[in-house]
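K.L.:
Provided below: final.txt, containing compact mmCIF, C-alpha atoms and all ligand atoms.
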# COMPACT_ATOMS: atom_id res chain seq x y z
CA MET B 1 0.00 0.00 0.00
CA LYS B 2 1.41 3.37 -0.99
CA ARG B 3 1.69 6.06 1.65
CA VAL B 4 0.99 9.64 0.57
CA VAL B 5 1.52 12.80 2.61
CA LEU B 6 -0.86 15.58 1.61
CA LEU B 7 0.54 18.80 2.98
CA ALA B 8 -1.39 22.03 3.55
CA GLY B 9 0.94 24.80 2.39
CA HIS B 10 1.75 27.72 4.72
CA ASN B 11 0.74 28.18 8.35
CA PHE B 12 -1.24 30.26 10.81
CA ASN B 13 1.49 32.84 11.33
CA SER B 14 2.46 33.03 7.69
CA PRO B 15 -0.74 32.30 5.76
CA GLY B 16 0.56 32.91 2.23
CA CYS B 17 -1.38 34.86 -0.37
CA HIS B 18 -4.99 35.98 -0.04
CA THR B 19 -8.02 37.44 -1.69
CA VAL B 20 -10.99 39.45 -0.41
CA ILE B 21 -14.48 38.02 -0.81
CA ASP B 22 -17.57 39.84 0.48
CA GLY B 23 -15.28 42.15 2.46
CA LYS B 24 -13.55 39.25 4.19
CA ILE B 25 -9.94 38.14 3.77
CA VAL B 26 -9.56 34.54 2.62
CA THR B 27 -5.98 33.31 2.95
CA GLU B 28 -4.11 30.60 1.13
CA PHE B 29 -3.72 28.74 4.45
CA ASP B 30 -7.53 28.88 5.04
CA LEU B 31 -7.94 27.10 1.73
CA THR B 32 -5.06 24.60 1.89
CA THR B 33 -6.27 23.31 5.28
CA LEU B 34 -9.85 23.10 3.97
CA LEU B 35 -8.68 21.28 0.84
CA VAL B 36 -6.63 18.59 2.59
CA ALA B 37 -9.45 17.96 5.10
CA GLU B 38 -12.05 17.58 2.34
CA ILE B 39 -9.82 15.13 0.48
CA PHE B 40 -9.07 13.17 3.65
CA LYS B 41 -12.81 12.63 4.14
CA LYS B 42 -13.19 11.23 0.62
CA GLU B 43 -10.16 9.01 -0.04
CA ARG B 44 -11.30 6.10 2.12
CA LEU B 45 -12.41 3.96 -0.77
CA MET B 46 -8.90 3.94 -2.20
CA GLY B 47 -6.10 1.55 -1.37
CA ILE B 48 -3.71 4.27 -0.26
CA ASP B 49 -2.48 5.26 3.18
CA LEU B 50 -3.13 9.00 3.22
CA ILE B 51 -1.63 11.29 5.84
CA ILE B 52 -2.74 14.91 5.90
CA LYS B 53 -0.41 17.37 7.48
CA ALA B 54 -0.36 21.03 8.45
CA ARG B 55 2.27 22.64 10.62
CA ASN B 56 2.60 25.98 12.39
CA ASP B 57 6.36 25.65 12.81
CA TYR B 58 8.28 25.09 9.62
CA SER B 59 11.72 24.46 11.12
CA ASN B 60 11.33 20.68 11.40
CA LEU B 61 8.95 20.13 8.52
CA VAL B 62 11.39 18.40 6.16
CA LYS B 63 12.61 16.12 8.96
CA GLU B 64 9.04 15.34 10.00
CA VAL B 65 7.94 14.55 6.49
CA ASN B 66 10.93 12.25 6.08
CA SER B 67 10.13 10.47 9.35
CA LEU B 68 6.75 9.44 7.93
CA ASN B 69 8.42 7.15 5.35
CA ALA B 70 5.94 8.08 2.67
CA ASP B 71 6.20 7.16 -1.00
CA TYR B 72 4.73 10.44 -2.23
CA LEU B 73 4.37 14.00 -1.01
CA ILE B 74 1.82 16.41 -2.45
CA SER B 75 2.15 19.97 -1.17
CA CYS B 76 -0.94 22.13 -1.74
CA HIS B 77 -0.72 25.83 -2.49
CA PHE B 78 -2.54 28.57 -4.36
CA ASN B 79 -0.84 31.20 -6.44
CA ALA B 80 -0.99 35.00 -6.58
CA TYR B 81 0.53 37.69 -8.73
CA ASN B 82 -1.26 40.81 -9.93
CA ALA B 83 -4.96 39.85 -9.61
CA LYS B 84 -5.07 39.52 -13.43
CA THR B 85 -3.04 36.37 -14.06
CA GLN B 86 -4.82 33.02 -13.92
CA GLY B 87 -3.67 29.47 -14.61
CA THR B 88 -2.27 26.20 -13.30
CA GLU B 89 1.31 25.19 -12.44
CA VAL B 90 2.91 22.13 -10.88
CA LEU B 91 6.36 22.31 -9.30
CA TYR B 92 8.85 19.46 -8.84
CA SER B 93 12.50 18.97 -7.92
CA HIS B 94 14.70 19.67 -10.94
CA ILE B 95 16.74 16.52 -10.24
CA SER B 96 13.84 14.08 -9.72
CA ALA B 97 12.72 12.08 -12.78
CA LYS B 98 9.92 10.48 -10.75
CA GLY B 99 8.86 13.88 -9.47
CA LYS B 100 8.65 15.14 -13.02
CA GLU B 101 6.65 12.09 -14.09
CA LEU B 102 4.11 12.68 -11.32
CA ALA B 103 4.07 16.43 -12.02
CA ILE B 104 3.12 15.72 -15.66
CA VAL B 105 0.19 13.56 -14.54
CA ALA B 106 -0.89 16.06 -11.88
CA GLN B 107 -0.79 18.99 -14.29
CA LYS B 108 -2.92 17.06 -16.83
CA LYS B 109 -5.52 16.23 -14.19
CA LEU B 110 -5.64 19.76 -12.80
CA LEU B 111 -6.03 21.19 -16.32
CA LYS B 112 -8.79 18.71 -17.13
CA HIS B 113 -10.82 19.55 -14.02
CA LEU B 114 -10.13 23.28 -13.72
CA GLY B 115 -9.96 24.25 -17.39
CA LEU B 116 -7.59 27.17 -16.75
CA ASN B 117 -4.45 28.28 -18.63
CA ASN B 118 -1.62 25.81 -18.78
CA ARG B 119 1.31 27.64 -17.16
CA GLY B 120 3.38 24.48 -17.33
CA LEU B 121 5.65 22.48 -15.08
CA LYS B 122 8.26 24.27 -13.01
CA PRO B 123 11.52 22.47 -12.20
CA ILE B 124 12.62 23.80 -8.80
CA THR B 125 16.13 24.06 -7.36
CA LEU B 126 16.93 24.24 -3.66
CA LYS B 127 17.11 28.04 -3.81
CA ASP B 128 13.69 28.49 -5.47
CA ARG B 129 10.31 28.96 -3.79
CA GLY B 130 9.28 25.52 -2.45
CA GLY B 131 12.89 24.41 -2.84
CA SER B 132 13.49 22.59 0.41
CA ILE B 133 10.18 20.71 0.56
CA LEU B 134 10.75 19.46 -2.99
CA ASN B 135 14.50 18.85 -2.88
CA LYS B 136 15.20 17.77 0.71
CA THR B 137 12.35 15.33 1.29
CA LYS B 138 12.62 11.61 0.56
CA PRO B 139 9.20 10.88 -1.03
CA VAL B 140 8.50 11.62 -4.69
CA ALA B 141 7.35 15.21 -4.25
CA ILE B 142 5.24 17.71 -6.18
CA LEU B 143 3.81 21.11 -5.28
CA LEU B 144 0.43 22.10 -6.73
CA GLU B 145 -0.55 25.65 -7.71
CA PRO B 146 -4.04 24.92 -9.15
CA PHE B 147 -5.12 28.56 -9.57
CA PHE B 148 -4.30 32.19 -8.73
CA LEU B 149 -6.26 33.06 -5.59
CA ASP B 150 -5.88 36.81 -5.97
CA HIS B 151 -7.78 36.62 -9.27
CA ILE B 152 -10.91 35.33 -7.49
CA THR B 153 -13.37 37.81 -6.01
CA ALA B 154 -16.66 35.87 -5.91
CA LYS B 155 -17.53 33.17 -3.40
CA LYS B 156 -19.28 31.05 -6.01
CA GLU B 157 -16.24 31.05 -8.28
CA LEU B 158 -13.93 30.15 -5.39
CA ASP B 159 -16.19 27.30 -4.22
CA ASP B 160 -16.37 25.97 -7.76
CA LEU B 161 -12.58 26.04 -8.24
CA MET B 162 -12.01 24.46 -4.83
CA LYS B 163 -14.38 21.61 -5.66
CA LYS B 164 -12.64 21.06 -8.99
CA THR B 165 -9.23 21.13 -7.31
CA GLU B 166 -10.44 18.55 -4.80
CA ASN B 167 -11.63 16.27 -7.61
CA ALA B 168 -8.35 16.67 -9.49
CA ILE B 169 -6.34 15.67 -6.41
CA LEU B 170 -8.60 12.66 -5.83
CA ASP B 171 -7.79 11.73 -9.45
CA ILE B 172 -4.07 12.10 -8.75
CA LEU B 173 -4.41 9.86 -5.67
CA ASN B 174 -6.30 7.32 -7.76
CA TYR B 175 -3.46 7.33 -10.27
CA ILE B 176 -0.92 6.73 -7.46
CA ASP B 177 -3.12 3.95 -6.07
CA ILE B 178 -3.32 1.93 -9.29
CA LYS B 179 0.19 2.77 -10.54
ZN ZN F 1 1.89 29.13 -1.32
I'd like the structure from this file rewritten - as structure tokens, please.

P.N.:
Amino acid sequence: MKRVVLLAGHNFNSPGCHTVIDGKIVTEFDLTTLLVAEIFKKERLMGIDLIIKARNDYSNLVKEVNSLNADYLISCHFNAYNAKTQGTEVLYSHISAKGKELAIVAQKKLLKHLGLNNRGLKPITLKDRGGSILNKTKPVAILLEPFFLDHITAKKELDDLMKKTENAILDILNYIDIK
């Protein structure tokens, strides 16, 4: 049975990017924690051993992830730039062939469900954003950026994209399960 760590990007103190919906700030961390919890509730029919993880202290995160002896790591994020850009990216370690292979599958599934611009795969070095979680962890690791959060200003649109992201990740887990 394959073990997969599904990581909620960012933390309470450093919640990542955000948008404002109905006058209320919605942070990236609000959404990554929601996303991993929703997926955790729905993966029980699969033959994978899913661990969801969120952490308020980053200093030991790589060590902790490695102590879980997982086969795969999927780190969940949302993107932001100038409130105009929209699209999907998947990041992987620039030296991991297996990471790239999974990133290709993940990007395809995200594009299929979300239907946004294909911003492509991003090979990541240790110095880049997401560098240590992708390059220092033992499992085959990818980092998902399904959509640009700062582009979203309506609750209905956000809920719709979140649901589609959830379904895409369930698809990715299904792929890992039967692989
Ligand atoms: Zn992020």

K.L.:
Hey, which residues sit close to ligand ZN 1 (chain F)? Say within 6 Å, counting only C-alpha atoms and all ligand atoms, and write them as a list in words.

P.N.:
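Going residue by residue within 6 Å of ligand ZN 1 (chain F), we get Gly9, Gly16, His77 and Phe78 of chain B.
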
K.L.:
Here is a test: counting only C-alpha atoms, which residue of B:Ala37, B:Met46, B:Ile25, B:Val20 is nearest to Ile178 of chain B?

P.N.:
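Of B:Ala37, B:Met46, B:Ile25, B:Val20, the one nearest Ile178 of chain B, counting only C-alpha atoms, is B:Met46.
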
K.L.:
Which value, in Å to one decimal, gives the distance between atom CA of Lys155 of chain B and atom CA of Lys112 of chain B?

P.N.:
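Computing the Euclidean distance for atom CA of Lys155 of chain B and atom CA of Lys112 of chain B yields 21.8 Å.
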
K.L.:
For Leu73 of chain B, please output as a ChimeraX atom specification all residues within 12 Å (counting all atoms listed in the file; exclusion window: fewer than 5 positions along the same chain).

P.N.:
/B:2-9,49-53,62,65-66,68,91-93,98-99,102-103,133-144,172-173,176

K.L.:
With only C-alpha atoms as the atoms that count, which of B:Asn69, B:Cys76, B:Gly131, B:Gly87 lies nearest to Ile39 of chain B?

P.N.:
B:Cys76

K.L.:
For a cut-off of 7 Å around (-3.5, 34.7, -3.3), file coordinates, pick out all residues using only C-alpha atoms and list them as a list in words.

P.N.:
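Collected hits near the coordinates: Cys17, His18, Thr19, Thr27, Glu28, Phe78, Asn79, Ala80, Phe148, Leu149 and Asp150 of chain B.
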
K.L.:
Can you work out which one of B:Thr32, B:Leu61, B:Met1, B:Lys100 has the shortest atom-to-atom distance to Gly47 of chain B, counting all atoms listed in the file?

P.N.:
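Among the listed residues, B:Met1 lies closest to Gly47 of chain B.
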
K.L.:
What gap, in Å, lies between atom CA of Tyr72 of chain B and atom CA of Val26 of chain B?

P.N.:
28.4 Å

K.L.:
I need the residue nearest Ile169 of chain B from this list: B:Ile74, B:Ala83, B:Ile104, B:Leu121. Use only C-alpha atoms for the distance.

P.N.:
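Among B:Ile74, B:Ala83, B:Ile104, B:Leu121, it is B:Ile74 that comes nearest to Ile169 of chain B.
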
K.L.:
Kindly give the distance, in Å, that separates atom CA of Leu126 of chain B and atom CA of Glu166 of chain B, rounded to a single decimal.

P.N.:
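Going from atom CA of Leu126 of chain B over to atom CA of Glu166 of chain B covers 28.0 Å.
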
K.L.:
Taking all atoms of segment 60-68 of chain B that appear in the file, build a box with edges along x, y and z, extend it by 6 Å on every side, and state its centre and edge lengths in Å to one decimal, as lines of an AutoDock Vina configuration file.

P.N.:
center_x = 9.7
center_y = 15.1
center_z = 8.7
size_x = 17.9
size_y = 23.2
size_z = 17.3

K.L.:
Using all atoms listed in the file, which of B:Lys84, B:Val36, B:Phe12, B:Phe29 sits nearest Asn56 of chain B?

P.N.:
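Using all atoms listed in the file, the shortest distance to Asn56 of chain B belongs to B:Phe12.
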
K.L.:
Of the candidates B:Asp57, B:Glu64, B:Glu38, B:Glu89, which shows the shortest atom-to-atom distance to Met162 of chain B, using all atoms listed in the file?

P.N.:
B:Glu38

K.L.:
Can you fill out segment 146-174 of chain B with N, CA and C atoms and hand it back as an mmCIF file, in the coordinates of the input?

P.N.:
data_model
loop_
_atom_site.group_PDB
_atom_site.id
_atom_site.type_symbol
_atom_site.label_atom_id
_atom_site.label_comp_id
_atom_site.auth_asym_id
_atom_site.auth_seq_id
_atom_site.Cartn_x
_atom_site.Cartn_y
_atom_site.Cartn_z
ATOM 1 N N PRO B 146 -2.904 25.147 -8.230
ATOM 2 C CA PRO B 146 -4.040 24.920 -9.150
ATOM 3 C C PRO B 146 -4.567 26.205 -9.797
ATOM 4 N N PHE B 147 -4.624 27.299 -9.007
ATOM 5 C CA PHE B 147 -5.120 28.560 -9.570
ATOM 6 C C PHE B 147 -4.561 29.751 -8.791
ATOM 7 N N PHE B 148 -4.737 30.945 -9.382
ATOM 8 C CA PHE B 148 -4.300 32.190 -8.730
ATOM 9 C C PHE B 148 -5.445 32.697 -7.856
ATOM 10 N N LEU B 149 -5.213 32.669 -6.555
ATOM 11 C CA LEU B 149 -6.260 33.060 -5.590
ATOM 12 C C LEU B 149 -6.606 34.541 -5.699
ATOM 13 N N ASP B 150 -5.622 35.367 -5.962
ATOM 14 C CA ASP B 150 -5.880 36.810 -5.970
ATOM 15 C C ASP B 150 -6.718 37.261 -7.182
ATOM 16 N N HIS B 151 -6.931 36.339 -8.111
ATOM 17 C CA HIS B 151 -7.780 36.620 -9.270
ATOM 18 C C HIS B 151 -9.258 36.410 -8.954
ATOM 19 N N ILE B 152 -9.542 35.746 -7.828
ATOM 20 C CA ILE B 152 -10.910 35.330 -7.490
ATOM 21 C C ILE B 152 -11.547 36.336 -6.531
ATOM 22 N N THR B 153 -12.718 36.841 -6.891
ATOM 23 C CA THR B 153 -13.370 37.810 -6.010
ATOM 24 C C THR B 153 -14.807 37.414 -5.661
ATOM 25 N N ALA B 154 -15.286 36.303 -6.190
ATOM 26 C CA ALA B 154 -16.660 35.870 -5.910
ATOM 27 C C ALA B 154 -16.652 34.511 -5.220
ATOM 28 N N LYS B 155 -17.467 34.406 -4.192
ATOM 29 C CA LYS B 155 -17.530 33.170 -3.400
ATOM 30 C C LYS B 155 -17.876 31.958 -4.254
ATOM 31 N N LYS B 156 -18.814 32.157 -5.165
ATOM 32 C CA LYS B 156 -19.280 31.050 -6.010
ATOM 33 C C LYS B 156 -18.143 30.518 -6.883
ATOM 34 N N GLU B 157 -17.370 31.446 -7.427
ATOM 35 C CA GLU B 157 -16.240 31.050 -8.280
ATOM 36 C C GLU B 157 -15.174 30.303 -7.466
ATOM 37 N N LEU B 158 -14.919 30.807 -6.251
ATOM 38 C CA LEU B 158 -13.930 30.150 -5.390
ATOM 39 C C LEU B 158 -14.392 28.738 -5.026
ATOM 40 N N ASP B 159 -15.650 28.621 -4.601
ATOM 41 C CA ASP B 159 -16.190 27.300 -4.220
ATOM 42 C C ASP B 159 -16.095 26.319 -5.380
ATOM 43 N N ASP B 160 -16.405 26.803 -6.564
ATOM 44 C CA ASP B 160 -16.370 25.970 -7.760
ATOM 45 C C ASP B 160 -14.931 25.493 -8.049
ATOM 46 N N LEU B 161 -13.972 26.409 -7.980
ATOM 47 C CA LEU B 161 -12.580 26.040 -8.240
ATOM 48 C C LEU B 161 -12.021 25.116 -7.158
ATOM 49 N N MET B 162 -12.463 25.331 -5.922
ATOM 50 C CA MET B 162 -12.010 24.460 -4.830
ATOM 51 C C MET B 162 -12.508 23.031 -5.031
ATOM 52 N N LYS B 163 -13.772 22.920 -5.415
ATOM 53 C CA LYS B 163 -14.380 21.610 -5.660
ATOM 54 C C LYS B 163 -13.649 20.886 -6.802
ATOM 55 N N LYS B 164 -13.349 21.637 -7.847
ATOM 56 C CA LYS B 164 -12.640 21.060 -8.990
ATOM 57 C C LYS B 164 -11.220 20.652 -8.616
ATOM 58 N N THR B 165 -10.583 21.463 -7.776
ATOM 59 C CA THR B 165 -9.230 21.130 -7.310
ATOM 60 C C THR B 165 -9.257 19.835 -6.499
ATOM 61 N N GLU B 166 -10.269 19.753 -5.628
ATOM 62 C CA GLU B 166 -10.440 18.550 -4.800
ATOM 63 C C GLU B 166 -10.585 17.309 -5.705
ATOM 64 N N ASN B 167 -11.418 17.401 -6.709
ATOM 65 C CA ASN B 167 -11.630 16.270 -7.610
ATOM 66 C C ASN B 167 -10.364 15.915 -8.382
ATOM 67 N N ALA B 168 -9.602 16.924 -8.779
ATOM 68 C CA ALA B 168 -8.350 16.670 -9.490
ATOM 69 C C ALA B 168 -7.363 15.932 -8.590
ATOM 70 N N ILE B 169 -7.283 16.335 -7.328
ATOM 71 C CA ILE B 169 -6.340 15.670 -6.410
ATOM 72 C C ILE B 169 -6.802 14.244 -6.112
ATOM 73 N N LEU B 170 -8.097 14.032 -5.992
ATOM 74 C CA LEU B 170 -8.600 12.660 -5.830
ATOM 75 C C LEU B 170 -8.210 11.806 -7.046
ATOM 76 N N ASP B 171 -8.245 12.395 -8.211
ATOM 77 C CA ASP B 171 -7.790 11.730 -9.450
ATOM 78 C C ASP B 171 -6.304 11.391 -9.394
ATOM 79 N N ILE B 172 -5.512 12.327 -8.882
ATOM 80 C CA ILE B 172 -4.070 12.100 -8.750
ATOM 81 C C ILE B 172 -3.812 10.953 -7.767
ATOM 82 N N LEU B 173 -4.565 10.936 -6.671
ATOM 83 C CA LEU B 173 -4.410 9.860 -5.670
ATOM 84 C C LEU B 173 -4.815 8.519 -6.270
ATOM 85 N N ASN B 174 -5.859 8.522 -7.068
ATOM 86 C CA ASN B 174 -6.300 7.320 -7.760
ATOM 87 C C ASN B 174 -5.212 6.788 -8.675
#
